[in-house]
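Participant: Quick one: the structure is below, questions incoming.
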Amino acid sequence: MTTSTTGTAARPAAVPALEVDGLSVSYGKFVAVESVSFTVGAGECVAVIGPNGHGKSSMVTAVAGLVRRGGTVRVFGETLPTGSPGAAVKTGLVLVPERRHLYPDLTTRDNIMLGSYSHTRRVWARQAWEDVSSVLEMFPELTRLLDQNAGTLSGGQQQMVALARAMAAKPRVLLLDEPCLGLAEAVSRRVYEWLGEMTKTDMTILLVEENPVHALIVADRAVRMYKGLVEQPGVAA
Amino acid sequence: MSNFLNLLAAGLTSGGIYGIFGACLAVWFRVCNVLNLAVGDFAMIGAIATAKLVQDFGLPFWLSIVIAVVGAGLVAWVFDRVVLHFAFDRGVGAHGIVSVFFYTFGLSLLLEGTARAVWGTDVFGAPAIWSGPALPIADFHVQRAGVLVIGLAIISGLLLWAYLRFTVSGRAASACGESVLGSRIVGINSGLFRRRIFVGTAVLAALFGIVESPLSGFTFMSGPTISLIGVVAAGFSAFRKPGRAVLVGLAIGVAEAMLGGYVSTSYNDVLLYAVLFGIIIFRPEVLGLRAEPA
Amino acid sequence: MTEPAATDRAIGAPAATGPADADRVPAPAGTAVQAHRVRRHDPVPLSSAVVIIILGGVVLTAMNGSYLGLTVTTGVAYAVVAVGMVLQLGYSRQLAFSQSVFMGVGAYGTGVLETKYNFGAIEALLVVIVLAAVVSLIMGAVVTRAPGLALALATLLLPLFIYQLATFSGYLGSFSGINGVLPFVTGDDYEATTVRSGLIGVLLLGLAAAFVLRVMRSGIGLQLMAMSEDEQLGEALGVSLRQRRLEVFVVGSVLAAIGGAILASTQGLVSPTILNESTQITLLLMVYVPGRKSIAGVIIGAIVIEYLATSTSFISTNLGIIEGIALLIILLVEPDGVAGAVDRLLGRRTDQWAASLRTWGAAQLKTGRLGTRGGGNGAGNA
């Protein structure tokens, strides 16, 4: 029996958690992603693998609404407007970006707390933090770092903060873009340990990973991107 | 002793202006990494517009204040929508260290030029909000407008500090300046924060211009010098801390007054600016400056 | 400035998409000789100087000492300063707002030497150049240590207290300034004097343009561009940051002083307003609106803006509005200024010289003429 992490009512099994239909991304004349289509079922973990520079990150940032795109993205049947990351977060689609993009001069506590920005109604930061502090149960190593500025943390610690921030946003669909980029082997193992725990819940995960061996340890199946196209949708892990 | 206290009062009054402009600059820089070189011009608009509405159009004083302050806010809003939105939200145009200075520098030129064309080159002062003779305190006297300036500067500085330190919104505003992408992925609309704080600081600057103008008067050219001192005050707060910027501004004002009173009325500014120059060059870490933005 | 030794990375590498793409590009056969010819016989600086001098001479002679001719000569003075700012602000992105102060050094130096110590005009000019070099070297050794934003802030303060110093100094004429500054060359009458002095100004402008172009089209220019893109990367490639920053500061300051000297000689007086922030603002507009990387652009821009400032009453009264709008449009639409827009319309890049420089650089590397330190990293996106 899977453990719900989001506290939402179970959805009918037929509605995919994430549907990407005809997604395309261009930077000027350069086409980074060309008409990509795939689905991710509720509770699935799908890995997007492929060589560097072939559109994986562009695809996932476009799904998250950070860049303008063509095509359609639906989260549990709800169509997301293009170029609106706020709308994506409100529907429960949360991205952990490549290179984390934390707020270096804010504390670890504030970094995590701000993950809840889109749904908190709190005015005071302390109260908003109290609402989300339970995410520390997943990342106990961050407890002693709460008052430290995020910019002074190690790469591995920063990745944990990025994951905690994402979890504070109460995601239904979690996008991870190269979560182990630049991290030591031991830290990468810790990240995948945590991901493994997440796959046992009803969290839906789309994982962009250059290393297929790592990815396929936790993923139910893989999607391979090559030159901006999905080459092999649905390859079983 | 009374001379010292009179100088102190005068210094705190001018320092209050530097401080609040420094606080406005610090808050806005914290949100979007851009210096608002037009902050003094918003004060000028507030002061002169109020004076003209009262004197030339005979409007009630409080209505004139509201119109002037709302007008300043509207100018800021339009500038953000027409220029800054394209520059920072759509990624159009010049970036890097040029954008730190030149967008608002262009606005400052525009506001000065418009003020000159519309209002001419005279000196204007809005009517005093709190009229009456100087207040006697022990052995010295403080202008009522000065009391208002100092009081409002301290209150505004405290409010801005509290906003950034204790509220979710304030934390989100800080996050915008530290990582635009990092703020977008949690649903923070950095463009909206930039606009709100730009308009808010323009309104605040206009209000201060109205409060202070009975003491010194404003011309169309008054903006840049006080903007510049505000930049220095903000700089000494590492462009991040409005509370500290208010304190630094007050200190600069007091130093200016004391140098004028005890050293030289002609060279007080020279000495002050030279000292500030030296601190910036020899101790840039006081400004908490990071490497030049890419 | 000495020519630097280059790194062993090919300057001619195409725009890199990753480290693997920045491989050494072997120069084609025969290129070594051609590149050597490009380096030795780069015609652009000299020919630019010749064009400026001839055109300027023709224009000033035709104007025959009229008020318009005087305005053009004043514009030439600002143009000399603007040419230095192309190197400082345009290519090196050294945001130092000290040019008006050094214009003042040039103008006041000229005025004091001539009126108090009976120097001739040309003698005073030479002394002023040396003085500006020494002062900027000392000041630059200190100020260029500061990080970019600190340098910008500190130099923003400079006009404030230097202006006050000058206006309170009886020696410098206080608020009245200094009168009786000599023209560079005296003619038979006022018109001839104006024309001949103007020709000296044009000659100085041509030399300034040639010098800056020569620097920009050399390995040093590549270093400056590398520094402006990424100082850490430039330093890692062997660029001596402090040395280059200081050199750029000195060149910009000396050219500003020369501009100030020309201005004083043209107007016959030194006004303290040369030192205040409005002069600095005018200079910035003369660089950013026409195009901060275009020598031709800033020369034309300086003369046009100076003309507009003294033309019809409507324009001069509303010049602030015009300048503000122009600057904002330029920043949004074409950050490389009017010159950049013209180049785009004409379908070519402003820095086409970089292509020939890449060929030269690749050839130099192949023949081993460039060493292992100090070279650029390929033409940055100018």
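Residue names in the structure tokens use chain letters A, B, ... in the order shown, residue numbers from 1 in each chain, and ligand numbers from 1 in the order shown.
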Write out as an MDAnalysis selection string which residues come within 9 Å of stretch 100-109 of chain C when counting only C-alpha atoms, dropping same-chain ones fewer than 3 positions away.
Facilitator: chainID C and resid 81 97 112:114 124:125 127:129 131:132 136 158:159 162:163 172 177:178 252:265 269:281 283
Participant: Can those selected residues be exported to a file as a PDB file, in the first residue's frame so that it contains C-alpha atoms?
Facilitator:
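In the end it all went to result19.pdb:
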```
ATOM      1  CA  VAL C  81      36.834  62.286 -24.600  1.00  0.00           C
ATOM      2  CA  PHE C  97      32.586  58.081 -14.265  1.00  0.00           C
ATOM      3  CA  VAL C 112      46.563  77.915 -15.222  1.00  0.00           C
ATOM      4  CA  LEU C 113      49.717  77.246 -17.218  1.00  0.00           C
ATOM      5  CA  GLU C 114      48.868  79.874 -19.812  1.00  0.00           C
ATOM      6  CA  ALA C 124      50.576  73.817 -22.103  1.00  0.00           C
ATOM      7  CA  LEU C 125      48.900  70.985 -23.991  1.00  0.00           C
ATOM      8  CA  VAL C 127      52.401  69.500 -20.049  1.00  0.00           C
ATOM      9  CA  VAL C 128      48.709  68.798 -19.455  1.00  0.00           C
ATOM     10  CA  ILE C 129      49.036  65.425 -21.163  1.00  0.00           C
ATOM     11  CA  LEU C 131      50.117  65.834 -15.873  1.00  0.00           C
ATOM     12  CA  ALA C 132      46.964  63.884 -16.692  1.00  0.00           C
ATOM     13  CA  SER C 136      45.555  59.169 -13.605  1.00  0.00           C
ATOM     14  CA  LEU C 158      34.280  62.539  -7.729  1.00  0.00           C
ATOM     15  CA  PRO C 159      32.569  65.374  -9.635  1.00  0.00           C
ATOM     16  CA  ILE C 162      36.138  68.204  -7.175  1.00  0.00           C
ATOM     17  CA  TYR C 163      33.592  70.745  -8.417  1.00  0.00           C
ATOM     18  CA  LEU C 172      41.313  78.390  -9.952  1.00  0.00           C
ATOM     19  CA  GLY C 177      36.737  80.119 -13.740  1.00  0.00           C
ATOM     20  CA  ILE C 178      39.727  81.251 -15.765  1.00  0.00           C
ATOM     21  CA  GLY C 252      40.639  57.232 -20.955  1.00  0.00           C
ATOM     22  CA  SER C 253      41.764  59.914 -18.524  1.00  0.00           C
ATOM     23  CA  VAL C 254      44.505  61.316 -20.736  1.00  0.00           C
ATOM     24  CA  LEU C 255      42.153  61.550 -23.695  1.00  0.00           C
ATOM     25  CA  ALA C 256      39.633  63.281 -21.445  1.00  0.00           C
ATOM     26  CA  ALA C 257      42.297  65.789 -20.433  1.00  0.00           C
ATOM     27  CA  ILE C 258      43.151  66.428 -24.077  1.00  0.00           C
ATOM     28  CA  GLY C 259      39.468  67.024 -24.731  1.00  0.00           C
ATOM     29  CA  GLY C 260      39.381  69.478 -21.867  1.00  0.00           C
ATOM     30  CA  ALA C 261      42.389  71.320 -23.233  1.00  0.00           C
ATOM     31  CA  ILE C 262      40.768  71.585 -26.656  1.00  0.00           C
ATOM     32  CA  LEU C 263      37.578  72.866 -25.050  1.00  0.00           C
ATOM     33  CA  ALA C 264      39.412  75.522 -23.068  1.00  0.00           C
ATOM     34  CA  SER C 265      41.375  76.665 -26.093  1.00  0.00           C
ATOM     35  CA  LEU C 269      37.995  80.222 -20.949  1.00  0.00           C
ATOM     36  CA  VAL C 270      37.630  77.518 -18.332  1.00  0.00           C
ATOM     37  CA  SER C 271      34.274  77.246 -16.635  1.00  0.00           C
ATOM     38  CA  PRO C 272      33.872  75.226 -13.423  1.00  0.00           C
ATOM     39  CA  THR C 273      30.755  73.628 -14.922  1.00  0.00           C
ATOM     40  CA  ILE C 274      33.110  71.367 -16.820  1.00  0.00           C
ATOM     41  CA  LEU C 275      33.646  69.540 -13.530  1.00  0.00           C
ATOM     42  CA  ASN C 276      30.097  68.984 -12.438  1.00  0.00           C
ATOM     43  CA  GLU C 277      27.914  65.948 -12.944  1.00  0.00           C
ATOM     44  CA  SER C 278      25.995  67.454 -15.859  1.00  0.00           C
ATOM     45  CA  THR C 279      29.144  67.245 -17.979  1.00  0.00           C
ATOM     46  CA  GLN C 280      29.546  63.608 -17.041  1.00  0.00           C
ATOM     47  CA  ILE C 281      25.924  62.949 -17.947  1.00  0.00           C
ATOM     48  CA  LEU C 283      29.501  62.488 -21.971  1.00  0.00           C
TER      49      LEU C 283
END
```
Participant: Starting from chain C, keep only residues with some atom at most 6 Å from an atom of chain B, counting only C-alpha atoms, and report them as a PDB file with N, CA and C atoms, in the first residue's frame.
Facilitator:
```pdb
ATOM      1  N   VAL C 143      42.152  53.444  -7.535  1.00  0.00           N
ATOM      2  CA  VAL C 143      40.724  53.204  -7.771  1.00  0.00           C
ATOM      3  C   VAL C 143      40.448  51.925  -8.531  1.00  0.00           C
ATOM      4  N   ALA C 146      39.327  48.618  -6.888  1.00  0.00           N
ATOM      5  CA  ALA C 146      37.976  48.385  -6.379  1.00  0.00           C
ATOM      6  C   ALA C 146      37.160  47.576  -7.382  1.00  0.00           C
ATOM      7  N   GLY C 148      33.921  46.403  -9.657  1.00  0.00           N
ATOM      8  CA  GLY C 148      33.230  47.227 -10.644  1.00  0.00           C
ATOM      9  C   GLY C 148      32.242  48.225 -10.087  1.00  0.00           C
ATOM     10  N   ALA C 154      32.288  55.224  -6.541  1.00  0.00           N
ATOM     11  CA  ALA C 154      33.300  56.172  -6.089  1.00  0.00           C
ATOM     12  C   ALA C 154      33.497  57.280  -7.119  1.00  0.00           C
ATOM     13  N   PHE C 161      32.812  66.494  -5.242  1.00  0.00           N
ATOM     14  CA  PHE C 161      33.737  67.259  -4.400  1.00  0.00           C
ATOM     15  C   PHE C 161      34.823  67.975  -5.197  1.00  0.00           C
ATOM     16  N   ASN C 318      14.342  71.396 -24.164  1.00  0.00           N
ATOM     17  CA  ASN C 318      13.787  70.064 -23.941  1.00  0.00           C
ATOM     18  C   ASN C 318      14.811  68.958 -24.156  1.00  0.00           C
ATOM     19  N   GLY C 320      16.791  67.475 -22.182  1.00  0.00           N
ATOM     20  CA  GLY C 320      16.748  66.401 -21.190  1.00  0.00           C
ATOM     21  C   GLY C 320      15.724  65.342 -21.565  1.00  0.00           C
ATOM     22  N   ILE C 321      14.557  65.785 -22.012  1.00  0.00           N
ATOM     23  CA  ILE C 321      13.509  64.842 -22.406  1.00  0.00           C
ATOM     24  C   ILE C 321      13.982  64.023 -23.605  1.00  0.00           C
ATOM     25  N   GLY C 324      16.721  61.609 -22.527  1.00  0.00           N
ATOM     26  CA  GLY C 324      16.191  60.511 -21.720  1.00  0.00           C
ATOM     27  C   GLY C 324      15.483  59.478 -22.576  1.00  0.00           C
ATOM     28  N   LEU C 327      17.998  57.606 -24.800  1.00  0.00           N
ATOM     29  CA  LEU C 327      18.783  56.620 -24.052  1.00  0.00           C
ATOM     30  C   LEU C 327      17.961  55.372 -23.759  1.00  0.00           C
ATOM     31  N   LEU C 328      16.725  55.554 -23.334  1.00  0.00           N
ATOM     32  CA  LEU C 328      15.884  54.402 -23.003  1.00  0.00           C
ATOM     33  C   LEU C 328      15.597  53.557 -24.242  1.00  0.00           C
ATOM     34  N   LEU C 331      18.749  51.635 -25.054  1.00  0.00           N
ATOM     35  CA  LEU C 331      18.999  50.538 -24.108  1.00  0.00           C
ATOM     36  C   LEU C 331      18.104  49.335 -24.405  1.00  0.00           C
ATOM     37  N   LEU C 332      16.863  49.617 -24.770  1.00  0.00           N
ATOM     38  CA  LEU C 332      15.910  48.526 -24.994  1.00  0.00           C
ATOM     39  C   LEU C 332      16.062  47.900 -26.371  1.00  0.00           C
ATOM     40  N   VAL C 333      16.204  48.757 -27.357  1.00  0.00           N
ATOM     41  CA  VAL C 333      16.109  48.266 -28.733  1.00  0.00           C
ATOM     42  C   VAL C 333      17.462  47.867 -29.302  1.00  0.00           C
ATOM     43  N   PRO C 335      21.254  47.989 -27.760  1.00  0.00           N
ATOM     44  CA  PRO C 335      22.249  48.388 -26.761  1.00  0.00           C
ATOM     45  C   PRO C 335      23.569  48.852 -27.368  1.00  0.00           C
TER      46      PRO C 335
END
```
Participant: Could you list the residues in chain B lying within 6 Å of chain A, using only C-alpha atoms, and format the result as a PDB file with C-alpha atoms, in the first residue's frame?
Facilitator:
```
ATOM      1  CA  PHE B 166       9.617  38.929   9.271  1.00  0.00           C
ATOM      2  CA  THR B 167       7.094  38.519   6.494  1.00  0.00           C
ATOM      3  CA  VAL B 168       6.719  35.814   3.870  1.00  0.00           C
ATOM      4  CA  ALA B 175      14.492  35.796  -3.100  1.00  0.00           C
ATOM      5  CA  GLU B 178      18.988  36.396  -5.311  1.00  0.00           C
ATOM      6  CA  SER B 179      17.713  34.000  -7.927  1.00  0.00           C
ATOM      7  CA  GLY B 182      14.734  30.038  -8.110  1.00  0.00           C
ATOM      8  CA  ILE B 185       9.909  27.848  -9.651  1.00  0.00           C
ATOM      9  CA  VAL B 186       8.148  28.340  -6.320  1.00  0.00           C
ATOM     10  CA  GLY B 187       5.605  30.649  -7.891  1.00  0.00           C
TER      11      GLY B 187
END
```
Participant: Neighbours of C:Thr194 within 9 Å (only C-alpha atoms; same-chain residues fewer than 2 positions away dropped), as a short mmCIF file (atom, residue, chain, number, x, y, z; two decimals) with N, CA and C atoms, in the first residue's frame?
Facilitator:
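The file below, around.cif, is the result:
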```
data_model
loop_
_atom_site.label_atom_id
_atom_site.label_comp_id
_atom_site.auth_asym_id
_atom_site.auth_seq_id
_atom_site.Cartn_x
_atom_site.Cartn_y
_atom_site.Cartn_z
N LEU C 60 35.60 72.29 -41.20
CA LEU C 60 35.92 73.50 -40.44
C LEU C 60 36.33 74.65 -41.35
N ASN C 64 34.50 78.28 -41.80
CA ASN C 64 35.22 79.55 -41.77
C ASN C 64 35.04 80.33 -40.46
N GLY C 65 35.17 79.61 -39.35
CA GLY C 65 35.17 80.32 -38.08
C GLY C 65 33.83 80.84 -37.65
N SER C 66 32.77 80.37 -38.27
CA SER C 66 31.44 80.81 -37.87
C SER C 66 31.06 80.20 -36.53
N GLY C 69 30.97 76.58 -36.80
CA GLY C 69 32.31 76.00 -36.75
C GLY C 69 32.81 75.88 -35.33
N LEU C 70 32.50 76.89 -34.54
CA LEU C 70 32.89 76.86 -33.12
C LEU C 70 32.17 75.72 -32.39
N THR C 73 33.79 72.50 -33.33
CA THR C 73 35.08 72.33 -32.63
C THR C 73 34.84 71.94 -31.17
N PRO C 183 44.09 80.37 -27.89
CA PRO C 183 43.80 79.35 -28.91
C PRO C 183 45.09 78.61 -29.25
N VAL C 185 46.36 77.96 -32.16
CA VAL C 185 47.10 78.67 -33.22
C VAL C 185 46.41 80.00 -33.45
N THR C 186 47.20 81.04 -33.54
CA THR C 186 46.61 82.36 -33.79
C THR C 186 46.68 82.68 -35.27
N GLY C 187 45.55 83.14 -35.83
CA GLY C 187 45.52 83.50 -37.24
C GLY C 187 45.46 85.00 -37.42
N ASP C 189 42.89 86.78 -38.26
CA ASP C 189 41.69 87.35 -37.67
C ASP C 189 40.99 86.28 -36.85
N TYR C 190 39.85 86.64 -36.31
CA TYR C 190 39.13 85.73 -35.42
C TYR C 190 38.76 84.44 -36.15
N GLU C 191 38.26 84.60 -37.40
CA GLU C 191 37.82 83.42 -38.14
C GLU C 191 38.99 82.47 -38.42
N ALA C 192 40.10 83.06 -38.85
CA ALA C 192 41.27 82.22 -39.15
C ALA C 192 41.77 81.52 -37.89
N ARG C 196 42.00 77.51 -37.54
CA ARG C 196 43.30 76.83 -37.31
C ARG C 196 43.34 76.09 -35.98
N SER C 197 42.78 76.71 -34.96
CA SER C 197 42.73 76.01 -33.67
C SER C 197 41.86 74.78 -33.77
N GLY C 198 40.77 74.93 -34.52
CA GLY C 198 39.90 73.78 -34.72
C GLY C 198 40.61 72.65 -35.44
N LEU C 199 41.47 73.00 -36.38
CA LEU C 199 42.21 71.97 -37.11
C LEU C 199 43.14 71.20 -36.18
N THR C 266 39.30 76.38 -27.31
CA THR C 266 38.25 76.78 -28.24
C THR C 266 37.41 77.91 -27.65
#
```
Participant: Please identify the strand (DSSP E) residues within stretch 58-88 of chain A (assignment by DSSP from backbone atoms) and present them as a PyMOL selection string.
Facilitator: chain A and resi 70-75+78-79
Participant: Using only C-alpha atoms, which residues sit within 8 Å of B:Ile67 once same-chain residues fewer than 4 positions away are excluded, as a list in words?
Facilitator: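 So, after excluding close chain neighbours, the residues are Thr50, Leu63 and Gly71 of chain B.
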Participant: Create the file for the chosen residues now, containing N, CA and C atoms and written as a compact mmCIF listing (two decimals), in the first residue's frame.
Facilitator:
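After the write, selection10.txt holds the following:
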```txt
# COMPACT_ATOMS: atom_id res chain seq x y z
N THR B 50 2.96 69.31 -5.76
CA THR B 50 2.12 69.77 -4.65
C THR B 50 2.10 71.30 -4.58
N LEU B 63 -5.52 67.34 -0.73
CA LEU B 63 -5.84 66.79 -2.05
C LEU B 63 -4.64 66.88 -2.97
N GLY B 71 0.37 60.59 -8.50
CA GLY B 71 1.01 60.86 -9.80
C GLY B 71 2.40 60.27 -9.87
```
Participant: Work out how far atom CA of B:Phe42 is from atom CA of B:Trp77, in Å to one decimal.
Facilitator: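 Interatomic distance, atom CA of B:Trp77 to atom CA of B:Phe42: 12.2 Å.
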Participant: Please give the complete set of residues from stretch 220-382 of chain C that DSSP, run on the backbone, assigns to helix (DSSP H, G or I), formatted as a ChimeraX atom specification.
Facilitator: /C:220-229,231-236,241-267,272-275,277-288,295-309,313-317,319-333,337-346,353-367
Participant: Filtering to C-alpha atoms, could you give me those residues as a compact mmCIF listing (two decimals), in the first residue's frame?
Facilitator:
```txt
# COMPACT_ATOMS: atom_id res chain seq x y z
CA ILE C 220 45.45 43.82 -25.99
CA GLY C 221 42.02 44.60 -27.35
CA LEU C 222 41.19 40.90 -27.20
CA GLN C 223 42.37 40.79 -23.63
CA LEU C 224 40.17 43.74 -22.76
CA MET C 225 37.17 42.05 -24.32
CA ALA C 226 37.95 38.82 -22.49
CA MET C 227 38.21 40.75 -19.22
CA SER C 228 34.96 42.54 -19.80
CA GLU C 229 33.11 39.28 -20.44
CA GLU C 231 37.34 38.67 -15.34
CA GLN C 232 38.01 35.34 -13.68
CA LEU C 233 38.24 33.56 -16.97
CA GLY C 234 40.44 36.30 -18.38
CA GLU C 235 42.77 36.02 -15.41
CA ALA C 236 42.86 32.25 -15.76
CA LEU C 241 43.78 42.33 -14.84
CA ARG C 242 45.30 45.07 -12.75
CA GLN C 243 47.67 46.16 -15.45
CA ARG C 244 45.00 46.28 -18.11
CA ARG C 245 42.52 48.08 -15.88
CA LEU C 246 45.12 50.68 -15.04
CA GLU C 247 46.13 51.14 -18.66
CA VAL C 248 42.54 51.59 -19.76
CA PHE C 249 41.93 54.09 -16.97
CA VAL C 250 45.03 56.09 -17.89
CA VAL C 251 44.22 56.16 -21.60
CA GLY C 252 40.64 57.23 -20.96
CA SER C 253 41.76 59.91 -18.52
CA VAL C 254 44.51 61.32 -20.74
CA LEU C 255 42.15 61.55 -23.69
CA ALA C 256 39.63 63.28 -21.45
CA ALA C 257 42.30 65.79 -20.43
CA ILE C 258 43.15 66.43 -24.08
CA GLY C 259 39.47 67.02 -24.73
CA GLY C 260 39.38 69.48 -21.87
CA ALA C 261 42.39 71.32 -23.23
CA ILE C 262 40.77 71.59 -26.66
CA LEU C 263 37.58 72.87 -25.05
CA ALA C 264 39.41 75.52 -23.07
CA SER C 265 41.38 76.67 -26.09
CA THR C 266 38.25 76.78 -28.24
CA GLN C 267 36.17 78.72 -25.77
CA PRO C 272 33.87 75.23 -13.42
CA THR C 273 30.75 73.63 -14.92
CA ILE C 274 33.11 71.37 -16.82
CA LEU C 275 33.65 69.54 -13.53
CA GLU C 277 27.91 65.95 -12.94
CA SER C 278 26.00 67.45 -15.86
CA THR C 279 29.14 67.25 -17.98
CA GLN C 280 29.55 63.61 -17.04
CA ILE C 281 25.92 62.95 -17.95
CA THR C 282 26.43 64.61 -21.32
CA LEU C 283 29.50 62.49 -21.97
CA LEU C 284 27.66 59.28 -21.13
CA LEU C 285 24.91 60.19 -23.55
CA MET C 286 27.47 61.00 -26.22
CA VAL C 287 28.78 57.44 -25.88
CA TYR C 288 25.75 55.28 -25.23
CA ILE C 295 34.50 55.25 -32.82
CA ALA C 296 32.75 56.81 -35.79
CA GLY C 297 29.47 56.72 -33.90
CA VAL C 298 30.70 58.58 -30.84
CA ILE C 299 32.53 61.20 -32.92
CA ILE C 300 29.43 61.98 -34.94
CA GLY C 301 27.25 61.67 -31.84
CA ALA C 302 29.34 64.08 -29.79
CA ILE C 303 29.23 66.73 -32.48
CA VAL C 304 25.51 66.26 -33.12
CA ILE C 305 24.58 66.33 -29.42
CA GLU C 306 26.72 69.42 -28.87
CA TYR C 307 25.02 71.06 -31.82
CA LEU C 308 21.56 70.16 -30.52
CA ALA C 309 22.38 71.54 -27.09
CA SER C 313 15.60 77.12 -28.11
CA PHE C 314 12.99 74.36 -28.25
CA ILE C 315 15.56 71.59 -28.50
CA SER C 316 17.95 72.98 -25.94
CA THR C 317 15.12 73.57 -23.47
CA LEU C 319 17.12 68.36 -24.42
CA GLY C 320 16.75 66.40 -21.19
CA ILE C 321 13.51 64.84 -22.41
CA ILE C 322 15.00 64.04 -25.80
CA GLU C 323 18.14 62.55 -24.26
CA GLY C 324 16.19 60.51 -21.72
CA ILE C 325 13.89 59.02 -24.35
CA ALA C 326 16.78 58.39 -26.74
CA LEU C 327 18.78 56.62 -24.05
CA LEU C 328 15.88 54.40 -23.00
CA ILE C 329 15.09 53.47 -26.59
CA ILE C 330 18.72 52.65 -27.25
CA LEU C 331 19.00 50.54 -24.11
CA LEU C 332 15.91 48.53 -24.99
CA VAL C 333 16.11 48.27 -28.73
CA GLY C 337 23.51 52.34 -30.07
CA VAL C 338 22.68 53.99 -33.36
CA ALA C 339 25.88 52.60 -34.87
CA GLY C 340 24.84 49.09 -33.91
CA ALA C 341 21.45 49.61 -35.51
CA VAL C 342 23.04 50.92 -38.68
CA ASP C 343 25.37 47.96 -38.82
CA ARG C 344 22.49 45.58 -38.39
CA LEU C 345 20.54 47.30 -41.10
CA LEU C 346 23.53 47.03 -43.37
CA TRP C 353 37.85 43.38 -37.72
CA ALA C 354 37.64 40.47 -35.28
CA ALA C 355 37.53 38.09 -38.23
CA SER C 356 40.86 39.29 -39.56
CA LEU C 357 42.22 39.27 -36.07
CA ARG C 358 41.26 35.63 -35.65
CA THR C 359 43.11 34.72 -38.81
CA TRP C 360 46.14 36.63 -37.63
CA GLY C 361 45.97 35.05 -34.20
CA ALA C 362 45.70 31.52 -35.55
CA ALA C 363 48.66 32.14 -37.78
CA GLN C 364 50.69 33.59 -34.95
CA LEU C 365 49.99 30.55 -32.82
CA LYS C 366 50.98 28.22 -35.62
CA THR C 367 54.25 30.00 -36.17
```
Participant: Which residue gives the smallest distance to A:His54 among A:Val33, A:Val75, A:Ala184, A:Phe38, with only C-alpha atoms counted?
Facilitator: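 Ranking A:Val33, A:Val75, A:Ala184, A:Phe38 by distance to A:His54, first place goes to A:Val33.
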Participant: Find the residues near B:Gly11: any atom within 7 Å, counting only C-alpha atoms, skip ones fewer than 4 places away on the same chain, and give them as a PDB file with C-alpha atoms, in the first residue's frame.
Facilitator:
```
ATOM      1  CA  LEU B   7      23.827  71.246  14.119  1.00  0.00           C
ATOM      2  CA  GLY B  15      20.294  62.837   6.932  1.00  0.00           C
ATOM      3  CA  GLY B 253      23.737  64.136   7.300  1.00  0.00           C
ATOM      4  CA  VAL B 254      25.128  64.693  10.787  1.00  0.00           C
ATOM      5  CA  GLU B 256      27.907  67.022   6.843  1.00  0.00           C
ATOM      6  CA  ALA B 257      26.394  69.401   9.382  1.00  0.00           C
TER       7      ALA B 257
END
```
Participant: Closest to A:Lys56 among A:Val208, A:Val73, A:Leu136, A:Val31, using only C-alpha atoms?
Facilitator: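 Under the stated criterion, the closest residue is A:Val208.
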Participant: Excluding B:Arg194 and residues on its chain fewer than 5 positions from it, collect all residues at most 8 Å away from it, counting only C-alpha atoms, and give them as a tab-separated table (two decimals) with N, CA and C atoms, in the first residue's frame.
Facilitator:
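part-v9.tsv written:
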```tsv
chain	number	residue	atom	x	y	z
B	28	TRP	N	14.91	48.21	-3.20
B	28	TRP	CA	14.67	47.90	-4.61
B	28	TRP	C	15.83	47.13	-5.22
B	31	VAL	N	15.67	43.58	-4.45
B	31	VAL	CA	14.66	42.81	-5.19
B	31	VAL	C	15.08	42.56	-6.63
B	32	CYS	N	15.76	43.52	-7.25
B	32	CYS	CA	16.00	43.34	-8.68
B	32	CYS	C	17.41	43.70	-9.13
```
